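Enquirer: The following file, run-v1.cif, comprises mmCIF, C-alpha atoms and all ligand atoms:
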data_structure
loop_
_atom_site.label_atom_id
_atom_site.label_comp_id
_atom_site.auth_asym_id
_atom_site.auth_seq_id
_atom_site.Cartn_x
_atom_site.Cartn_y
_atom_site.Cartn_z
CA MET A 1 93.12 98.54 91.00
CA LEU A 2 94.12 95.18 92.50
CA PRO A 3 96.66 93.30 90.41
CA SER A 4 95.67 89.77 89.30
CA MET A 5 96.70 87.07 91.76
CA ILE A 6 100.22 85.78 91.51
CA LEU A 7 99.63 82.48 93.35
CA ARG A 8 98.09 79.31 91.95
CA GLN A 9 94.64 78.76 93.35
CA PHE A 10 93.28 75.68 95.08
CA PRO A 11 90.42 75.01 97.48
CA PRO A 12 90.78 73.97 101.14
CA MET A 13 91.12 70.27 101.94
CA GLY A 14 87.76 68.49 102.37
CA VAL A 15 87.65 68.43 106.17
CA TYR A 16 88.21 72.18 106.29
CA GLU A 17 85.59 72.73 103.57
CA THR A 18 83.10 71.08 105.94
CA LEU A 19 84.36 73.09 108.91
CA PHE A 20 83.94 76.37 106.98
CA LYS A 21 80.39 75.40 105.95
CA PHE A 22 79.67 74.65 109.60
CA VAL A 23 80.90 78.11 110.65
CA ASP A 24 78.68 79.76 108.00
CA ALA A 25 75.62 77.81 109.17
CA THR A 26 76.12 77.97 112.95
CA HIS A 27 78.50 80.93 113.53
CA LYS A 28 80.50 78.57 115.71
CA TYR A 29 83.69 76.63 115.14
CA MET A 30 83.14 72.86 115.17
CA GLY A 31 84.63 71.78 118.48
CA ASP A 32 83.50 74.91 120.40
CA PRO A 33 81.65 74.09 123.64
CA GLY A 34 78.13 72.89 122.86
CA THR A 35 78.95 71.70 119.32
CA HIS A 36 79.09 68.04 118.25
CA PRO A 37 82.33 67.70 116.28
CA TRP A 38 81.68 64.41 114.45
CA ALA A 39 83.48 65.67 111.34
CA GLN A 40 86.66 66.41 113.28
CA GLY A 41 89.75 64.24 113.27
CA TYR A 42 91.15 65.06 116.68
CA PRO A 43 91.30 62.88 119.80
CA LEU A 44 90.40 63.83 123.35
CA THR A 45 93.23 66.02 124.65
CA THR A 46 92.44 65.15 128.27
CA GLN A 47 93.29 62.08 130.33
CA ILE A 48 91.26 59.07 129.17
CA PRO A 49 90.24 56.17 131.45
CA GLY A 50 93.37 54.26 132.45
CA GLY A 51 95.58 56.63 130.44
CA PRO A 52 98.44 58.86 131.59
CA THR A 53 97.96 62.53 132.46
CA LEU A 54 98.96 65.20 129.98
CA PRO A 55 101.63 67.54 131.40
CA LYS A 56 100.63 71.20 131.86
CA SER A 57 104.12 72.68 131.57
CA ILE A 58 107.63 72.08 130.26
CA GLU A 59 111.04 73.23 131.41
CA PHE A 60 113.56 74.80 129.11
CA ASP A 61 116.52 77.16 129.26
CA ALA A 62 118.21 79.73 127.04
CA SER A 63 119.89 77.09 124.87
CA ASP A 64 116.45 75.74 123.93
CA LEU A 65 115.61 79.14 122.47
CA ASN A 66 118.24 78.60 119.81
CA TYR A 67 117.57 77.06 116.38
CA PRO A 68 116.60 73.39 116.45
CA LYS A 69 118.58 70.74 114.57
CA ALA A 70 117.37 70.24 111.00
CA THR A 71 115.88 66.74 111.46
CA GLY A 72 114.99 67.00 115.14
CA GLU A 73 116.60 67.37 118.56
CA PRO A 74 118.64 64.33 119.74
CA PRO A 75 116.46 63.55 122.82
CA LEU A 76 113.30 63.36 120.70
CA LEU A 77 114.99 61.34 117.95
CA GLU A 78 116.29 58.92 120.57
CA ALA A 79 112.88 58.66 122.24
CA ILE A 80 111.23 57.85 118.89
CA ALA A 81 113.91 55.28 117.97
CA ASN A 82 113.65 53.66 121.43
CA TYR A 83 109.89 53.55 121.09
CA TYR A 84 109.96 51.59 117.81
CA ASN A 85 112.86 49.39 118.93
CA HIS A 86 111.18 48.50 122.21
CA PHE A 87 107.66 47.80 120.95
CA TYR A 88 108.48 46.43 117.48
CA GLY A 89 112.15 45.40 117.43
CA ALA A 90 112.61 47.88 114.58
CA GLY A 91 116.41 48.00 114.72
CA ILE A 92 116.55 51.72 113.86
CA THR A 93 118.70 54.58 115.12
CA SER A 94 118.22 58.36 115.42
CA GLU A 95 119.64 58.64 111.93
CA ASN A 96 116.57 56.89 110.53
CA ILE A 97 114.21 59.63 111.77
CA ALA A 98 113.27 63.14 110.68
CA VAL A 99 110.91 65.29 112.74
CA PHE A 100 108.31 67.53 111.09
CA ALA A 101 105.61 69.92 112.28
CA GLY A 102 102.95 67.17 112.25
CA GLY A 103 102.16 64.16 110.11
CA ARG A 104 100.98 66.09 107.06
CA PRO A 105 104.25 68.01 106.55
CA ALA A 106 106.12 64.67 106.65
CA ILE A 107 103.74 63.25 104.04
CA PHE A 108 103.98 66.38 101.92
CA ALA A 109 107.79 66.38 101.97
CA THR A 110 107.97 62.69 101.00
CA LEU A 111 105.60 63.12 98.07
CA ALA A 112 107.17 66.41 96.98
CA PHE A 113 110.64 64.94 96.52
CA LEU A 114 109.67 61.69 94.79
CA LEU A 115 111.29 61.21 91.42
CA ASP A 116 108.99 62.32 88.60
CA ASP A 117 108.85 58.88 86.99
CA THR A 118 106.91 57.43 89.90
CA THR A 119 103.36 56.09 89.84
CA ILE A 120 101.46 56.56 93.09
CA ALA A 121 99.34 53.56 94.08
CA LEU A 122 96.44 54.80 96.15
CA GLU A 123 93.26 53.18 97.42
CA LYS A 124 90.15 54.84 96.05
CA THR A 125 88.84 55.60 99.54
CA GLU A 126 91.54 57.31 101.56
CA TYR A 127 92.63 60.18 103.80
CA THR A 128 91.29 63.43 102.31
CA PRO A 129 94.56 65.46 102.08
CA TYR A 130 96.23 62.83 99.87
CA TYR A 131 93.88 63.99 97.11
CA ASP A 132 94.90 67.64 97.45
CA VAL A 133 98.63 66.98 97.84
CA LEU A 134 98.82 64.65 94.86
CA LYS A 135 96.86 67.12 92.75
CA VAL A 136 98.96 70.12 93.73
CA LEU A 137 102.15 68.12 93.06
CA ASP A 138 100.68 66.84 89.78
CA ARG A 139 101.51 63.20 90.57
CA LYS A 140 100.45 60.30 88.37
CA VAL A 141 98.05 58.14 90.35
CA HIS A 142 96.83 54.56 89.90
CA LEU A 143 93.67 54.00 91.95
CA ILE A 144 93.18 50.68 93.75
CA GLN A 145 89.59 49.55 94.06
CA SER A 146 88.22 50.22 97.53
CA ASP A 147 84.46 50.52 97.62
CA SER A 148 81.36 48.67 98.75
CA SER A 149 82.01 45.87 96.21
CA ASN A 150 85.10 44.76 98.18
CA ARG A 151 83.84 46.22 101.47
CA PHE A 152 86.67 48.80 101.29
CA ARG A 153 89.17 45.97 101.80
CA PRO A 154 91.47 45.55 98.77
CA SER A 155 93.15 42.14 98.51
CA LEU A 156 96.93 41.73 98.24
CA GLU A 157 96.54 41.05 94.49
CA ASP A 158 94.86 44.45 94.08
CA TYR A 159 98.15 46.06 95.10
CA GLN A 160 100.09 44.39 92.28
CA ILE A 161 100.48 47.39 90.04
CA GLU A 162 102.58 48.13 87.00
CA PRO A 163 104.05 51.63 86.57
CA LEU A 164 101.80 53.86 84.43
CA ASN A 165 103.01 54.93 80.99
CA GLY A 166 105.98 57.23 81.23
CA THR A 167 106.95 56.05 84.73
CA SER A 168 109.20 53.25 85.93
CA ARG A 169 108.47 52.96 89.67
CA VAL A 170 105.50 52.45 91.96
CA MET A 171 105.06 54.03 95.38
CA LEU A 172 102.19 52.90 97.59
CA VAL A 173 100.59 55.61 99.74
CA LYS A 174 98.42 54.09 102.44
CA SER A 175 96.98 55.08 105.79
CA ASN A 176 97.00 52.11 108.16
CA PRO A 177 94.60 51.92 109.97
CA CYS A 178 92.81 53.67 107.15
CA ASN A 179 91.15 57.02 107.59
CA PRO A 180 88.16 57.04 106.89
CA THR A 181 87.32 53.31 106.89
CA GLY A 182 89.19 52.09 109.98
CA VAL A 183 90.30 49.04 108.01
CA ALA A 184 93.64 47.89 109.44
CA THR A 185 96.15 45.71 107.62
CA GLY A 186 98.28 43.73 110.07
CA GLY A 187 100.16 40.51 110.66
CA ASP A 188 101.12 38.43 107.63
CA ASP A 189 99.10 40.62 105.24
CA LEU A 190 101.08 43.67 106.28
CA LYS A 191 104.35 41.75 106.07
CA ARG A 192 103.55 40.55 102.56
CA LEU A 193 102.42 44.00 101.45
CA LEU A 194 105.67 45.52 102.69
CA GLU A 195 107.69 42.82 100.94
CA GLN A 196 105.81 43.58 97.74
CA PHE A 197 106.81 47.25 97.98
CA SER A 198 110.41 46.56 99.04
CA SER A 199 111.40 45.15 95.67
CA GLU A 200 113.38 46.99 92.98
CA ASN A 201 111.67 50.20 91.77
CA THR A 202 108.99 50.19 94.45
CA GLY A 203 108.46 52.07 97.67
CA ALA A 204 105.75 52.79 100.20
CA LEU A 205 104.55 55.56 102.47
CA ILE A 206 102.74 53.91 105.37
CA ASP A 207 100.88 56.54 107.34
CA GLU A 208 100.43 55.31 110.92
CA ALA A 209 98.67 58.30 112.46
CA TYR A 210 96.21 55.86 114.10
CA GLU A 211 98.76 53.25 115.20
CA PHE A 212 97.49 53.20 118.84
CA TYR A 213 93.84 53.06 117.74
CA CYS A 214 93.72 49.44 116.77
CA ASP A 215 91.87 46.48 118.21
CA PRO A 216 93.25 44.24 119.74
CA GLU A 217 96.61 46.06 119.85
CA PRO A 218 98.70 48.68 118.06
CA GLU A 219 100.88 47.52 115.18
CA SER A 220 103.51 49.29 113.11
CA ALA A 221 104.99 48.37 109.76
CA LEU A 222 108.35 48.63 111.52
CA LYS A 223 107.62 45.29 113.16
CA HIS A 224 108.00 43.65 109.74
CA ILE A 225 110.89 45.56 108.15
CA ASP A 226 114.25 43.84 108.67
CA ASN A 227 116.47 46.73 107.62
CA ILE A 228 114.79 49.98 106.61
CA ASP A 229 118.07 51.16 105.06
CA ASP A 230 117.53 48.56 102.33
CA THR A 231 114.09 49.88 101.40
CA ASN A 232 112.23 52.84 99.93
CA ILE A 233 109.73 52.63 102.78
CA PHE A 234 108.64 55.67 104.77
CA VAL A 235 106.73 55.08 107.99
CA ILE A 236 104.97 58.27 109.05
CA GLY A 237 104.04 58.72 112.69
CA ALA A 238 102.76 61.65 114.72
CA ALA A 239 102.09 62.75 118.28
CA THR A 240 98.76 64.05 116.98
CA LYS A 241 96.41 61.14 117.72
CA GLY A 242 98.14 58.44 119.80
CA LEU A 243 99.81 60.87 122.19
CA GLN A 244 96.67 63.08 122.12
CA VAL A 245 98.45 66.36 121.29
CA PRO A 246 97.42 67.66 117.85
CA GLY A 247 98.32 71.19 118.96
CA MET A 248 101.97 70.32 119.55
CA ARG A 249 102.44 69.80 115.80
CA ILE A 250 104.98 67.01 115.98
CA GLY A 251 105.18 64.24 113.39
CA TRP A 252 108.02 62.19 111.97
CA ALA A 253 109.21 60.04 109.11
CA VAL A 254 111.16 56.82 109.70
CA ALA A 255 113.13 55.89 106.59
CA SER A 256 116.55 54.86 105.30
CA LYS A 257 119.45 57.04 106.45
CA ALA A 258 119.95 58.20 102.86
CA HIS A 259 116.37 59.45 102.66
CA ILE A 260 116.59 61.14 106.07
CA GLU A 261 119.56 63.07 104.72
CA ILE A 262 117.30 64.44 101.97
CA PHE A 263 114.86 65.62 104.63
CA ARG A 264 117.75 67.23 106.50
CA ASN A 265 118.76 69.10 103.38
CA TYR A 266 115.15 70.16 102.80
CA SER A 267 114.85 71.38 106.38
CA SER A 268 118.01 73.44 105.92
CA PHE A 269 116.43 75.54 103.18
CA GLY A 270 112.68 75.06 103.59
CA MET A 271 111.77 74.45 107.22
CA GLY A 272 114.50 75.42 109.68
CA GLY A 273 113.57 72.57 112.01
CA VAL A 274 110.57 72.28 114.33
CA SER A 275 109.71 74.14 117.55
CA ARG A 276 112.02 73.00 120.34
CA ALA A 277 109.33 73.61 122.95
CA SER A 278 107.03 71.14 121.19
CA GLN A 279 109.87 68.64 120.86
CA ILE A 280 110.59 68.85 124.60
CA TYR A 281 106.93 68.28 125.39
CA VAL A 282 106.60 65.25 123.12
CA THR A 283 109.91 63.72 124.28
CA GLY A 284 108.36 63.51 127.77
CA LEU A 285 105.26 61.79 126.41
CA LEU A 286 107.40 59.02 124.90
CA GLU A 287 108.97 57.93 128.20
CA GLN A 288 108.70 54.15 127.93
CA LYS A 289 106.37 53.34 130.82
CA ARG A 290 104.13 56.28 130.05
CA VAL A 291 103.82 55.50 126.35
CA GLY A 292 103.09 51.85 127.16
CA GLN A 293 100.23 52.99 129.37
CA ALA A 294 98.97 55.35 126.64
CA ARG A 295 98.95 52.57 124.02
CA THR A 296 96.92 50.24 126.23
CA ALA A 297 94.46 52.90 127.38
CA ILE A 298 93.85 54.38 123.91
CA CYS A 299 93.32 50.95 122.45
CA SER A 300 90.88 49.89 125.13
CA PHE A 301 88.87 53.14 125.51
CA TYR A 302 88.47 53.71 121.78
CA SER A 303 87.71 50.04 121.03
CA GLU A 304 84.85 50.35 123.49
CA GLN A 305 83.69 53.60 121.87
CA ARG A 306 83.94 52.03 118.39
CA LYS A 307 81.67 49.23 119.52
CA ARG A 308 79.10 51.47 121.23
CA TYR A 309 78.80 53.94 118.36
CA GLY A 310 78.82 51.07 115.86
CA ASP A 311 75.84 49.46 117.55
CA GLY A 312 74.03 52.79 117.82
CA LEU A 313 74.61 53.83 114.21
CA ALA A 314 73.64 50.39 112.87
CA GLU A 315 70.41 50.58 114.84
CA LEU A 316 69.66 53.93 113.15
CA GLY A 317 70.03 52.29 109.73
CA PHE A 318 73.63 53.10 108.80
CA GLU A 319 75.25 50.36 106.71
CA LEU A 320 78.67 50.25 108.32
CA PHE A 321 81.92 49.04 106.76
CA THR A 322 84.19 50.09 109.64
CA GLY A 323 87.31 48.06 110.34
CA THR A 324 89.04 47.48 113.68
CA GLY A 325 91.13 50.67 113.79
CA GLY A 326 90.97 54.45 113.89
CA PHE A 327 88.33 56.55 115.61
CA TYR A 328 85.80 56.81 112.80
CA HIS A 329 82.77 54.92 111.65
CA TRP A 330 82.44 54.65 107.91
CA GLY A 331 79.22 53.75 106.20
CA ARG A 332 76.31 54.39 103.94
CA LEU A 333 73.68 56.77 105.28
CA PRO A 334 70.10 55.67 105.89
CA GLN A 335 67.20 56.84 103.67
CA GLU A 336 69.42 57.33 100.57
CA LEU A 337 70.63 60.61 102.07
CA THR A 338 73.79 62.24 100.77
CA GLY A 339 76.43 63.35 103.25
CA ASP A 340 75.71 67.00 102.42
CA GLU A 341 71.95 66.59 102.86
CA PHE A 342 72.52 64.95 106.23
CA ASN A 343 74.82 67.79 107.28
CA ASP A 344 72.13 70.36 106.43
CA ARG A 345 69.96 68.63 109.03
CA LEU A 346 72.78 68.18 111.55
CA PHE A 347 74.00 71.79 111.35
CA ALA A 348 70.68 72.89 112.89
CA HIS A 349 71.80 70.95 115.99
CA GLU A 350 75.37 72.31 115.81
CA ALA A 351 76.55 68.88 114.72
CA GLY A 352 78.14 67.61 111.49
CA ILE A 353 79.74 64.56 109.86
CA LEU A 354 82.33 64.38 107.09
CA PRO A 355 80.60 63.77 103.73
CA GLY A 356 82.02 60.62 102.16
CA ARG A 357 82.68 62.31 98.79
CA VAL A 358 85.75 64.12 100.18
CA CYS A 359 87.37 60.73 100.86
CA ASP A 360 86.92 59.74 97.19
CA MET A 361 90.40 59.89 95.65
CA GLY A 362 88.92 59.58 92.15
CA ARG A 363 86.37 62.37 92.37
CA THR A 364 85.96 64.90 89.59
CA ASP A 365 83.76 67.93 89.09
CA ALA A 366 82.09 66.19 86.14
CA ALA A 367 79.99 63.64 88.03
CA PRO A 368 78.72 62.96 91.55
CA SER A 369 81.11 60.86 93.64
CA ALA A 370 80.38 57.18 94.20
CA LEU A 371 80.76 58.00 97.90
CA GLU A 372 78.08 60.73 97.82
CA ARG A 373 75.81 58.71 100.16
CA TYR A 374 78.56 57.77 102.59
CA ALA A 375 79.72 59.53 105.72
CA ARG A 376 82.58 59.42 108.18
CA PHE A 377 81.44 59.76 111.79
CA SER A 378 84.23 60.66 114.20
CA PHE A 379 84.11 59.55 117.81
CA GLY A 380 87.68 60.77 118.41
CA PRO A 381 86.80 63.93 120.34
CA LEU A 382 83.79 62.45 122.20
CA ARG A 383 83.73 61.74 125.91
CA ALA A 384 81.96 58.54 126.96
CA GLU A 385 79.18 60.64 128.57
CA SER A 386 78.11 62.29 125.31
CA TYR A 387 76.78 59.06 123.77
CA ASP A 388 73.07 59.43 124.64
CA ASP A 389 72.92 63.02 123.47
CA ASP A 390 74.75 62.14 120.25
CA MET A 391 72.29 59.35 119.48
CA ARG A 392 69.32 61.62 120.25
CA ILE A 393 70.49 64.21 117.70
CA LEU A 394 71.19 61.58 115.06
CA ARG A 395 67.76 60.02 115.62
CA GLU A 396 66.00 63.39 115.36
CA CYS A 397 67.78 64.12 112.10
CA LEU A 398 66.59 60.85 110.62
CA GLN A 399 62.91 61.20 111.51
C1 LIG A 401 95.56 59.37 108.11
C2 LIG A 401 96.18 60.56 108.76
N1 LIG A 401 97.47 60.80 108.56
C3 LIG A 401 98.10 61.81 109.12
C4 LIG A 401 97.43 62.70 109.92
C5 LIG A 401 98.32 63.72 110.51
O1 LIG A 401 97.83 64.81 110.98
P1 LIG A 401 98.68 66.02 111.52
O2 LIG A 401 99.27 66.72 110.34
O3 LIG A 401 97.61 66.83 112.17
O4 LIG A 401 99.73 65.50 112.46
C6 LIG A 401 96.06 62.54 110.14
C7 LIG A 401 95.26 63.50 110.90
O5 LIG A 401 94.10 63.70 110.67
C8 LIG A 401 95.41 61.43 109.55
O6 LIG A 401 94.11 61.21 109.72
#
Rewrite the coordinates I just gave you, this time as structure tokens.

Expert:
Amino acid sequence: MLPSMILRQFPPMGVYETLFKFVDATHKYMGDPGTHPWAQGYPLTTQIPGGPTLPKSIEFDASDLNYPKATGEPPLLEAIANYYNHFYGAGITSENIAVFAGGRPAIFATLAFLLDDTTIALEKTEYTPYYDVLKVLDRKVHLIQSDSSNRFRPSLEDYQIEPLNGTSRVMLVKSNPCNPTGVATGGDDLKRLLEQFSSENTGALIDEAYEFYCDPEPESALKHIDNIDDTNIFVIGAATKGLQVPGMRIGWAVASKAHIEIFRNYSSFGMGGVSRASQIYVTGLLEQKRVGQARTAICSFYSEQRKRYGDGLAELGFELFTGTGGFYHWGRLPQELTGDEFNDRLFAHEAGILPGRVCDMGRTDAAPSALERYARFSFGPLRAESYDDDMRILRECLQ
């Protein structure tokens, strides 16, 4: 007889839930040749117009087969520091950076080690895994209104939050540009928001996975932080989207030296560092001229794609709320369809979107989500040539 399970149980994160449903319906993995991966959050992993090539090999020797350093290898840490110092005048050093196996592990580690008496301030419509991580870690969450009534664009006042009962601090967790809405907070608004969360007993995790995907140009919170050592701010970056290499699994946290030391200690018992081969690969991608070219090309190619797909989806009756960043369109489906109903139709064409409900940070099993009739359409993995075919399928599924 099997013994009862010894692990806590939890479901897969929303994007994967959709991917598993897709496999059941089509017997294919979304992203396989011939499928239309509009639910997927990955970028093209090939050269884009005007962009740099992606290397096919790396060089390493026996010393690179040894254990990596706990917070990252010096050449990668230096490349990341140089990147932020050059493009944003960040004034950081290698000691302000910890490397992780992707953006999510950096986010998970930050949220896992927060003091218990911390309230998390979170927009109601946000990046799906935040919901799962905060639930698994049993964090106290204050939801900030972000829905059709404010066009998914909270005002600065909305972020003025008092700690919930039993807590004495507030930590903002925010993707910027936001996944799924593409709404980007920049310039003075971003500066003021960061100031607000740099005061006593506050902190912020600013998740910049889509930093390069922003019209008219990329922007990082590090442009506005005078001395990160004086803050509880964590800027999370990753090679996943901007550098087009999700498979390399490299992400990082930029934070005060004291916080990076905590990540070093964590790595010493819980991670053992990150693959040196991946670090070597990504270090090359951050060479200054190359990364400058990548920023410009990503921004321009994906801004064009955002516009084309925006026009096409609006013509089909989608009510779009998309901002100026990211590689998603976010909106209400035509014909009062729910995201799941629309997927049932799309799966027959080996296509699928992400149902809006999995981006609802306040969802419960008790009632349908307010985002039931919303969807996130990803144009991240789509080549420019696929547009007509994509629109044909969408049109057929709405007839
Ligand atoms: C908002 C956001 N943050 C972080 C990530 C990091 O992803 P990864 O763990 O694949 O590097 C993603 C990827 O989908 C994302 O959309």

Enquirer: Which value, in Å to one decimal, gives the distance between CA of Leu205 (chain A) and CA of Ser300 (chain A)?

Expert: 27.1 Å

Enquirer: Would you name the residues within 9 Å of ligand LIG 401 (chain A), counting all atoms listed in the file, and put them as a count of residues only?

Expert: 42

Enquirer: Compile the contact shell of region 63-69 of chain A as a count of residues only: residues with an atom at most 12 Å away, counting only C-alpha atoms, same-chain residues fewer than 4 positions apart removed.

Expert: 25

Enquirer: Between A:Gly325, A:Gly166, A:Ile353, A:Pro55, single out the one closest to Ala184 (chain A), counting all atoms listed in the file.

Expert: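 Checking each candidate against Ala184 (chain A), we get A:Gly325 as the closest.
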
Enquirer: Report as a list in words all protein, DNA and RNA residues lying within 8 Å of Leu354 (chain A), evaluated on only C-alpha atoms, omitting residues in the same chain fewer than 4 positions from it.

Expert: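 What passes the distance filter is Val15, Thr18, Trp38, Ala39, Gln40, Gly339, Val358, Ala375, Arg376 and Phe377 of chain A.
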
Enquirer: If we count all atoms listed in the file and set the cut-off at 12 Å, which residues sit around Asn165 (chain A), ignoring sequence neighbours fewer than 6 positions away in its own chain? Please answer as a compact mmCIF listing (two decimals) with C-alpha atoms, keeping the file's coordinate frame.

Expert:
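Now in selection_0.txt:
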# COMPACT_ATOMS: atom_id res chain seq x y z
CA ASP A 117 108.85 58.88 86.99
CA THR A 118 106.91 57.43 89.90
CA THR A 119 103.36 56.09 89.84
CA LYS A 140 100.45 60.30 88.37
CA VAL A 141 98.05 58.14 90.35
CA HIS A 142 96.83 54.56 89.90

Enquirer: What gap, in Å, lies between CA of Glu341 (chain A) and CA of Lys28 (chain A)?

Expert: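 CA of Glu341 (chain A) sits 19.5 Å away from CA of Lys28 (chain A).
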
Enquirer: Using only C-alpha atoms and a cutoff of 10 Å, can you tell me which residues are near (94.0, 65.8, 94.2) in the file's coordinates, and write them out as a list in words?

Expert: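 Residues satisfying the cut-off, written out: Phe10, Met13, Thr128, Pro129, Tyr130, Tyr131, Asp132, Val133, Leu134, Lys135, Val136, Leu137, Asp138, Arg139, Val141, Asp360, Met361, Gly362, Arg363 and Thr364 of chain A.
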
Enquirer: Find the distance between CA of Ile120 (chain A) and CA of Tyr159 (chain A) and write it in Å to one decimal.

Expert: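 Computing it gives 11.2 Å between the two atoms.
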
Enquirer: Compare A:Glu304, A:Glu195, A:Glu78, A:Glu95 by their minimum atom-to-atom distance to Glu261 (chain A), counting all atoms listed in the file, and give me the closest one.

Expert: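 Selected residue with least distance to Glu261 (chain A): A:Glu95.
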
Enquirer: Quick one: everything within 6 Å of Ile144 (chain A), counting only C-alpha atoms, minus sequence neighbours fewer than 5 positions away in the same chain. Send it as a list of chain:residue names.

Expert: A:Leu122, A:Glu123, A:Lys124

Enquirer: Restricting the calculation to all atoms listed in the file: of A:Thr296, A:Asn343, A:Thr202, A:Gln145, which residue gets closest to Ile393 (chain A)?

Expert: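 The closest residue to Ile393 (chain A) is A:Asn343.
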
Enquirer: Any idea what's packed within 12 Å of region 287-289 of chain A, counting all atoms listed in the file, ignoring anything in its chain fewer than 5 positions away? Could you give it as a ChimeraX atom specification?

Expert: /A:51-52,75-76,78-87,243,280-282,294-296

Enquirer: Residues as selected, C-alpha atoms, written as a compact mmCIF listing (two decimals), keeping the file's coordinate frame, can you do that?

Expert:
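So the final result, stored in part09.txt, reads:
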# COMPACT_ATOMS: atom_id res chain seq x y z
CA GLY A 51 95.58 56.63 130.44
CA PRO A 52 98.44 58.86 131.59
CA PRO A 75 116.46 63.55 122.82
CA LEU A 76 113.30 63.36 120.70
CA GLU A 78 116.29 58.92 120.57
CA ALA A 79 112.88 58.66 122.24
CA ILE A 80 111.23 57.85 118.89
CA ALA A 81 113.91 55.28 117.97
CA ASN A 82 113.65 53.66 121.43
CA TYR A 83 109.89 53.55 121.09
CA TYR A 84 109.96 51.59 117.81
CA ASN A 85 112.86 49.39 118.93
CA HIS A 86 111.18 48.50 122.21
CA PHE A 87 107.66 47.80 120.95
CA LEU A 243 99.81 60.87 122.19
CA ILE A 280 110.59 68.85 124.60
CA TYR A 281 106.93 68.28 125.39
CA VAL A 282 106.60 65.25 123.12
CA ALA A 294 98.97 55.35 126.64
CA ARG A 295 98.95 52.57 124.02
CA THR A 296 96.92 50.24 126.23

Enquirer: Is there a way to get, as an NGL selection string, all residues within 7 Å of the point (82.6, 62.6, 119.2) in file coordinates, counting all atoms listed in the file?

Expert: :A and (36-38 or 378-383)

Enquirer: Copy region 260-273 of chain A out of the block into a file, keeping N, CA and C atoms, as a JSON list (two decimals), in the first residue's frame.

Expert:
[["chain", "number", "residue", "atom", "x", "y", "z"],
["A", 260, "ILE", "N", 22.52, 41.41, -0.23],
["A", 260, "ILE", "CA", 23.22, 40.44, -1.11],
["A", 260, "ILE", "C", 23.95, 39.41, -0.26],
["A", 261, "GLU", "N", 24.42, 39.84, 0.88],
["A", 261, "GLU", "CA", 25.09, 38.89, 1.79],
["A", 261, "GLU", "C", 24.12, 37.79, 2.25],
["A", 262, "ILE", "N", 22.87, 38.18, 2.45],
["A", 262, "ILE", "CA", 21.86, 37.17, 2.84],
["A", 262, "ILE", "C", 21.69, 36.15, 1.70],
["A", 263, "PHE", "N", 21.66, 36.66, 0.47],
["A", 263, "PHE", "CA", 21.53, 35.74, -0.67],
["A", 263, "PHE", "C", 22.76, 34.84, -0.78],
["A", 264, "ARG", "N", 23.93, 35.40, -0.45],
["A", 264, "ARG", "CA", 25.14, 34.57, -0.47],
["A", 264, "ARG", "C", 25.01, 33.44, 0.55],
["A", 265, "ASN", "N", 24.53, 33.79, 1.73],
["A", 265, "ASN", "CA", 24.40, 32.77, 2.77],
["A", 265, "ASN", "C", 23.37, 31.71, 2.36],
["A", 266, "TYR", "N", 22.28, 32.18, 1.74],
["A", 266, "TYR", "CA", 21.26, 31.24, 1.25],
["A", 266, "TYR", "C", 21.86, 30.30, 0.21],
["A", 267, "SER", "N", 22.61, 30.89, -0.74],
["A", 267, "SER", "CA", 23.20, 30.07, -1.79],
["A", 267, "SER", "C", 24.12, 29.01, -1.19],
["A", 268, "SER", "N", 24.79, 29.37, -0.10],
["A", 268, "SER", "CA", 25.76, 28.43, 0.50],
["A", 268, "SER", "C", 25.08, 27.18, 1.04],
["A", 269, "PHE", "N", 23.80, 27.31, 1.45],
["A", 269, "PHE", "CA", 23.15, 26.09, 1.96],
["A", 269, "PHE", "C", 22.01, 25.60, 1.08],
["A", 270, "GLY", "N", 21.49, 26.50, 0.19],
["A", 270, "GLY", "CA", 20.28, 26.09, -0.53],
["A", 270, "GLY", "C", 20.40, 26.06, -2.03],
["A", 271, "MET", "N", 21.50, 26.56, -2.60],
["A", 271, "MET", "CA", 21.54, 26.66, -4.06],
["A", 271, "MET", "C", 22.87, 26.17, -4.63],
["A", 272, "GLY", "N", 23.96, 26.52, -3.97],
["A", 272, "GLY", "CA", 25.28, 26.10, -4.47],
["A", 272, "GLY", "C", 25.71, 26.86, -5.71],
["A", 273, "GLY", "N", 25.14, 28.06, -5.90],
["A", 273, "GLY", "CA", 25.51, 28.85, -7.07],
["A", 273, "GLY", "C", 24.73, 28.43, -8.31]]
